[in-house]
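Below is my_file39.txt, which holds compact mmCIF, C-alpha atoms.
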```
# COMPACT_ATOMS: atom_id res chain seq x y z
CA MET A 12 -23.11 20.46 -0.49
CA ALA A 13 -24.45 17.88 1.90
CA THR A 14 -24.71 14.22 1.04
CA ILE A 15 -27.72 12.14 2.07
CA ARG A 16 -26.93 8.50 2.87
CA THR A 17 -28.02 5.68 5.11
CA MET A 18 -26.55 5.55 8.58
CA GLU A 19 -23.35 3.67 9.37
CA GLU A 20 -22.13 2.38 12.72
CA ARG A 21 -19.46 5.09 12.88
CA ASP A 22 -22.24 7.72 13.00
CA ASN A 23 -23.66 6.61 16.37
CA SER A 24 -21.83 9.03 18.67
CA ALA A 25 -22.13 12.10 16.41
CA LEU A 26 -25.87 11.60 15.99
CA ALA A 27 -26.44 10.97 19.71
CA LYS A 28 -24.62 14.22 20.49
CA ILE A 29 -26.72 16.21 17.99
CA ILE A 30 -29.93 14.80 19.46
CA ARG A 31 -29.01 15.51 23.07
CA ASP A 32 -27.66 18.99 22.30
CA ILE A 33 -30.98 19.91 20.66
CA PHE A 34 -32.93 18.90 23.75
CA ILE A 35 -30.79 21.23 25.83
CA GLU A 36 -30.94 24.02 23.22
CA PHE A 37 -34.76 23.97 23.10
CA ASP A 38 -35.24 23.30 26.82
CA ALA A 39 -37.17 20.11 26.05
CA PRO A 40 -37.75 17.44 28.72
CA LEU A 41 -34.69 15.25 29.29
CA ILE A 42 -36.50 12.40 31.05
CA GLY A 43 -39.03 10.19 29.27
CA THR A 44 -37.74 11.27 25.86
CA VAL A 45 -35.15 10.21 23.32
CA TYR A 46 -32.64 12.20 25.42
CA ASP A 47 -32.48 9.52 28.12
CA ASP A 48 -33.32 6.56 25.86
CA PRO A 49 -30.32 4.18 25.86
CA ASP A 50 -31.03 3.35 22.20
CA THR A 51 -29.96 6.89 21.28
CA ASP A 52 -26.33 5.76 21.66
CA ARG A 53 -26.79 2.78 19.32
CA LEU A 54 -29.07 3.99 16.55
CA TYR A 55 -27.20 2.13 13.83
CA GLU A 56 -27.97 -1.17 15.55
CA VAL A 57 -31.60 -0.16 16.19
CA PHE A 58 -32.18 0.52 12.50
CA GLN A 59 -30.82 -2.84 11.30
CA HIS A 60 -34.19 -4.53 11.84
CA PRO A 61 -36.77 -5.18 9.09
CA GLY A 62 -39.09 -2.28 8.36
CA CYS A 63 -36.54 0.35 9.41
CA VAL A 64 -34.58 2.96 7.51
CA TYR A 65 -32.46 5.89 8.66
CA TYR A 66 -31.13 8.66 6.43
CA LEU A 67 -28.32 10.94 7.46
CA ALA A 68 -27.03 14.26 6.13
CA GLU A 69 -23.27 14.69 6.04
CA GLU A 70 -21.03 17.47 4.76
CA ASN A 71 -17.23 17.34 4.60
CA GLY A 72 -17.25 14.28 6.86
CA GLU A 73 -19.42 15.98 9.52
CA VAL A 74 -22.76 14.48 10.49
CA LEU A 75 -25.42 17.21 10.30
CA GLY A 76 -28.47 15.20 11.39
CA GLY A 77 -30.88 12.55 10.23
CA CYS A 78 -34.37 11.12 10.03
CA GLY A 79 -35.74 7.59 10.10
CA LEU A 80 -38.77 5.33 10.00
CA TYR A 81 -39.31 2.72 12.68
CA PRO A 82 -42.14 0.23 13.34
CA THR A 83 -42.77 1.34 16.92
CA LYS A 84 -44.50 -1.23 19.10
CA GLY A 85 -48.22 -0.72 19.52
CA LEU A 86 -48.78 1.22 16.30
CA PRO A 87 -51.51 -0.08 13.98
CA GLU A 88 -50.60 -2.46 11.16
CA GLY A 89 -49.15 -0.49 8.24
CA CYS A 90 -48.05 2.45 10.41
CA ALA A 91 -44.46 3.44 11.20
CA GLU A 92 -43.06 6.27 13.28
CA LEU A 93 -40.93 9.09 11.88
CA VAL A 94 -38.13 9.05 14.43
CA LYS A 95 -34.86 10.58 15.51
CA PHE A 96 -35.39 13.56 13.18
CA TYR A 97 -32.88 16.14 14.34
CA LEU A 98 -30.54 18.62 12.65
CA SER A 99 -27.51 20.41 14.09
CA PRO A 100 -27.75 24.21 14.20
CA ALA A 101 -25.28 24.42 11.27
CA ALA A 102 -27.65 22.38 9.09
CA ARG A 103 -30.83 24.35 9.69
CA GLY A 104 -32.39 26.70 7.16
CA LYS A 105 -30.82 24.95 4.16
CA GLY A 106 -33.70 22.63 3.26
CA LEU A 107 -31.91 19.54 4.59
CA GLY A 108 -34.66 18.73 7.06
CA ARG A 109 -37.27 18.74 4.32
CA ILE A 110 -35.05 16.57 2.10
CA LEU A 111 -34.45 14.03 4.89
CA MET A 112 -38.13 13.92 5.85
CA GLU A 113 -39.28 13.53 2.23
CA LYS A 114 -36.76 10.72 1.68
CA ALA A 115 -38.08 8.87 4.74
CA ILE A 116 -41.70 9.41 3.69
CA ALA A 117 -40.90 8.21 0.16
CA ALA A 118 -39.42 4.98 1.61
CA ALA A 119 -42.60 4.20 3.57
CA PRO A 120 -44.64 2.45 0.83
CA GLY A 121 -41.70 0.20 -0.07
CA LEU A 122 -41.50 -0.85 3.57
CA GLY A 123 -45.23 -1.61 3.64
CA TYR A 124 -46.42 1.51 5.46
CA LYS A 125 -49.61 3.43 4.69
CA GLN A 126 -49.38 5.84 7.63
CA ILE A 127 -46.58 7.68 9.40
CA TYR A 128 -46.89 8.80 13.00
CA LEU A 129 -44.60 11.16 14.91
CA GLU A 130 -44.09 12.53 18.39
CA THR A 131 -42.57 15.95 19.03
CA PHE A 132 -42.61 19.00 21.27
CA ASP A 133 -44.33 22.37 21.09
CA GLN A 134 -40.87 23.97 21.42
CA LEU A 135 -39.98 22.72 17.93
CA ALA A 136 -42.47 25.03 16.17
CA THR A 137 -40.47 25.28 12.93
CA ALA A 138 -40.47 21.50 12.58
CA VAL A 139 -44.19 21.31 13.39
CA GLY A 140 -44.91 23.76 10.55
CA MET A 141 -42.87 21.60 8.18
CA TYR A 142 -44.78 18.50 9.28
CA GLU A 143 -48.10 20.21 8.62
CA LYS A 144 -46.98 21.30 5.13
CA ALA A 145 -46.00 17.68 4.42
CA GLY A 146 -49.52 16.48 5.29
CA PHE A 147 -49.26 15.54 8.96
CA ARG A 148 -52.26 16.37 11.13
CA LYS A 149 -52.32 16.75 14.89
CA LEU A 150 -53.72 14.06 17.18
CA ASP A 151 -55.27 14.45 20.63
CA LYS A 152 -53.16 11.75 22.23
CA PRO A 153 -50.13 9.54 21.54
CA MET A 154 -50.23 6.25 19.66
CA GLY A 155 -48.09 3.18 20.11
CA ASN A 156 -45.55 2.53 22.82
CA SER A 157 -42.39 4.51 22.08
CA GLY A 158 -41.58 4.79 25.77
CA HIS A 159 -41.19 8.55 25.33
CA TYR A 160 -43.94 9.61 27.70
CA ASN A 161 -42.92 13.28 27.91
CA THR A 162 -43.65 14.33 24.32
CA THR A 163 -46.32 17.02 23.99
CA LEU A 164 -47.48 16.83 20.38
CA TRP A 165 -48.48 13.85 18.21
CA MET A 166 -49.17 13.80 14.48
CA ILE A 167 -50.06 11.36 11.72
CA MET A 168 -50.19 11.36 7.93
CA GLU A 169 -51.50 9.06 5.23
CA VAL A 170 -48.79 7.95 2.81
CA LYS A 171 -49.70 8.60 -0.83
```
Show me the file's structure as structure tokens.
Amino acid sequence: MATIRTMEERDNSALAKIIRDIFIEFDAPLIGTVYDDPDTDRLYEVFQHPGCVYYLAEENGEVLGGCGLYPTKGLPEGCAELVKFYLSPAARGKGLGRILMEKAIAAAPGLGYKQIYLETFDQLATAVGMYEKAGFRKLDKPMGNSGHYNTTLWMIMEVK
């Protein structure tokens, strides 16, 4: 059974590897995405700022993936981005993604957020379906300034 916890510094390299492996697996763009973002190697440090939270799934000491909220520059007041939401192949199909996403969404009001925005790729169709079931709706263009200019799909939801 997997454990859900907040990220620790020791998780940086395992999570960066999961993220980059998924980009290769799904043939997603490697430039202008989280793949080539230097912050991907130091996510623990990134999420130590106010208004941030990152949840991680772990089983038998192995990091399986994670999901976080981050106040991305340029987003409207009261809006955070659902970020770095990736699961290793071994973790998929077990409901862990839904659990991680719901935990991040549930944390939003306590952090002062009324909306959650996300950026993703058409290649991640299973995730997009999960986002839609959770209440995200598609947007015509990106919001904020994540620096990830090669994403192809943008979504937003109102936090209840």
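Residues lying within 12 Å of Phe58 (chain A), counting all atoms listed in the file and ignoring same-chain neighbours fewer than 3 positions away, are Thr17, Met18, Glu19, Glu20, Asn23, Asp50, Thr51, Arg53, Leu54, Tyr55, Pro61, Gly62, Cys63, Val64, Tyr65, Tyr66, Cys78, Gly79, Leu80, Tyr81, Pro82, Thr83, Val94 and Lys95 of chain A.
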Tell me which of A:His60, A:Lys144, A:Arg103, A:Arg16 sits closest to Ile33 (chain A), counting only C-alpha atoms. A:Arg103
Pick from A:Gln126, A:Thr44, A:Ser99, A:Thr162, whichever lies nearest to Ala68 (chain A) using only C-alpha atoms: A:Ser99
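Nearest-residue note for Phe37 (chain A): choosing from A:Glu56, A:Glu143, A:Glu70, A:Asp133, the minimum distance belongs to A:Asp133, counting all atoms listed in the file.
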Grab the CA of Tyr97 (chain A) to CA of Gly121 (chain A) distance for me, in Å with one decimal place.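 Here the two named atoms are 23.2 Å from each other.
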Extending 6 Å beyond the listed atoms of region 26-33 of chain A on each side, what axis-aligned box results? I want centre and edge lengths in Å to one decimal, as lines of an AutoDock Vina configuration file.
```
center_x = -27.8
center_y = 15.4
center_z = 19.5
size_x = 18.4
size_y = 20.9
size_z = 19.1
```
Surrounding residues of Ile110 (chain A) excluding itself and chain neighbours under 3 positions, 12 Å, all atoms listed in the file, as an MDAnalysis selection string: chainID A and resid 13:16 66:68 76:78 96 98 102:107 113:117 141 145
With C-alpha atoms kept, could you save the residues just selected as a short mmCIF file (atom, residue, chain, number, x, y, z; two decimals), in the coordinates of the input?
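Once everything was written out, this is again19.cif:
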```
data_model
loop_
_atom_site.label_atom_id
_atom_site.label_comp_id
_atom_site.auth_asym_id
_atom_site.auth_seq_id
_atom_site.Cartn_x
_atom_site.Cartn_y
_atom_site.Cartn_z
CA ALA A 13 -24.45 17.88 1.90
CA THR A 14 -24.71 14.22 1.04
CA ILE A 15 -27.72 12.14 2.07
CA ARG A 16 -26.93 8.50 2.87
CA TYR A 66 -31.13 8.66 6.43
CA LEU A 67 -28.32 10.94 7.46
CA ALA A 68 -27.03 14.26 6.13
CA GLY A 76 -28.47 15.20 11.39
CA GLY A 77 -30.88 12.55 10.23
CA CYS A 78 -34.37 11.12 10.03
CA PHE A 96 -35.39 13.56 13.18
CA LEU A 98 -30.54 18.62 12.65
CA ALA A 102 -27.65 22.38 9.09
CA ARG A 103 -30.83 24.35 9.69
CA GLY A 104 -32.39 26.70 7.16
CA LYS A 105 -30.82 24.95 4.16
CA GLY A 106 -33.70 22.63 3.26
CA LEU A 107 -31.91 19.54 4.59
CA GLU A 113 -39.28 13.53 2.23
CA LYS A 114 -36.76 10.72 1.68
CA ALA A 115 -38.08 8.87 4.74
CA ILE A 116 -41.70 9.41 3.69
CA ALA A 117 -40.90 8.21 0.16
CA MET A 141 -42.87 21.60 8.18
CA ALA A 145 -46.00 17.68 4.42
#
```
Pick out the closest residue to Ser157 (chain A) from this set: A:Gly108, A:Gly123, A:Gly85, A:Gly72. Count only C-alpha atoms.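 Result for the nearest residue to Ser157 (chain A): A:Gly85.
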What separation in Å, quoted to one decimal, exists between CA of Leu129 (chain A) and CA of Ile167 (chain A)? 6.3 Å
Which of these residues is nearest to Asn71 (chain A), using all atoms listed in the file: A:Met12, A:Phe132, A:Asn156, A:Ala39?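 Closest to Asn71 (chain A) of all the choices is A:Met12.
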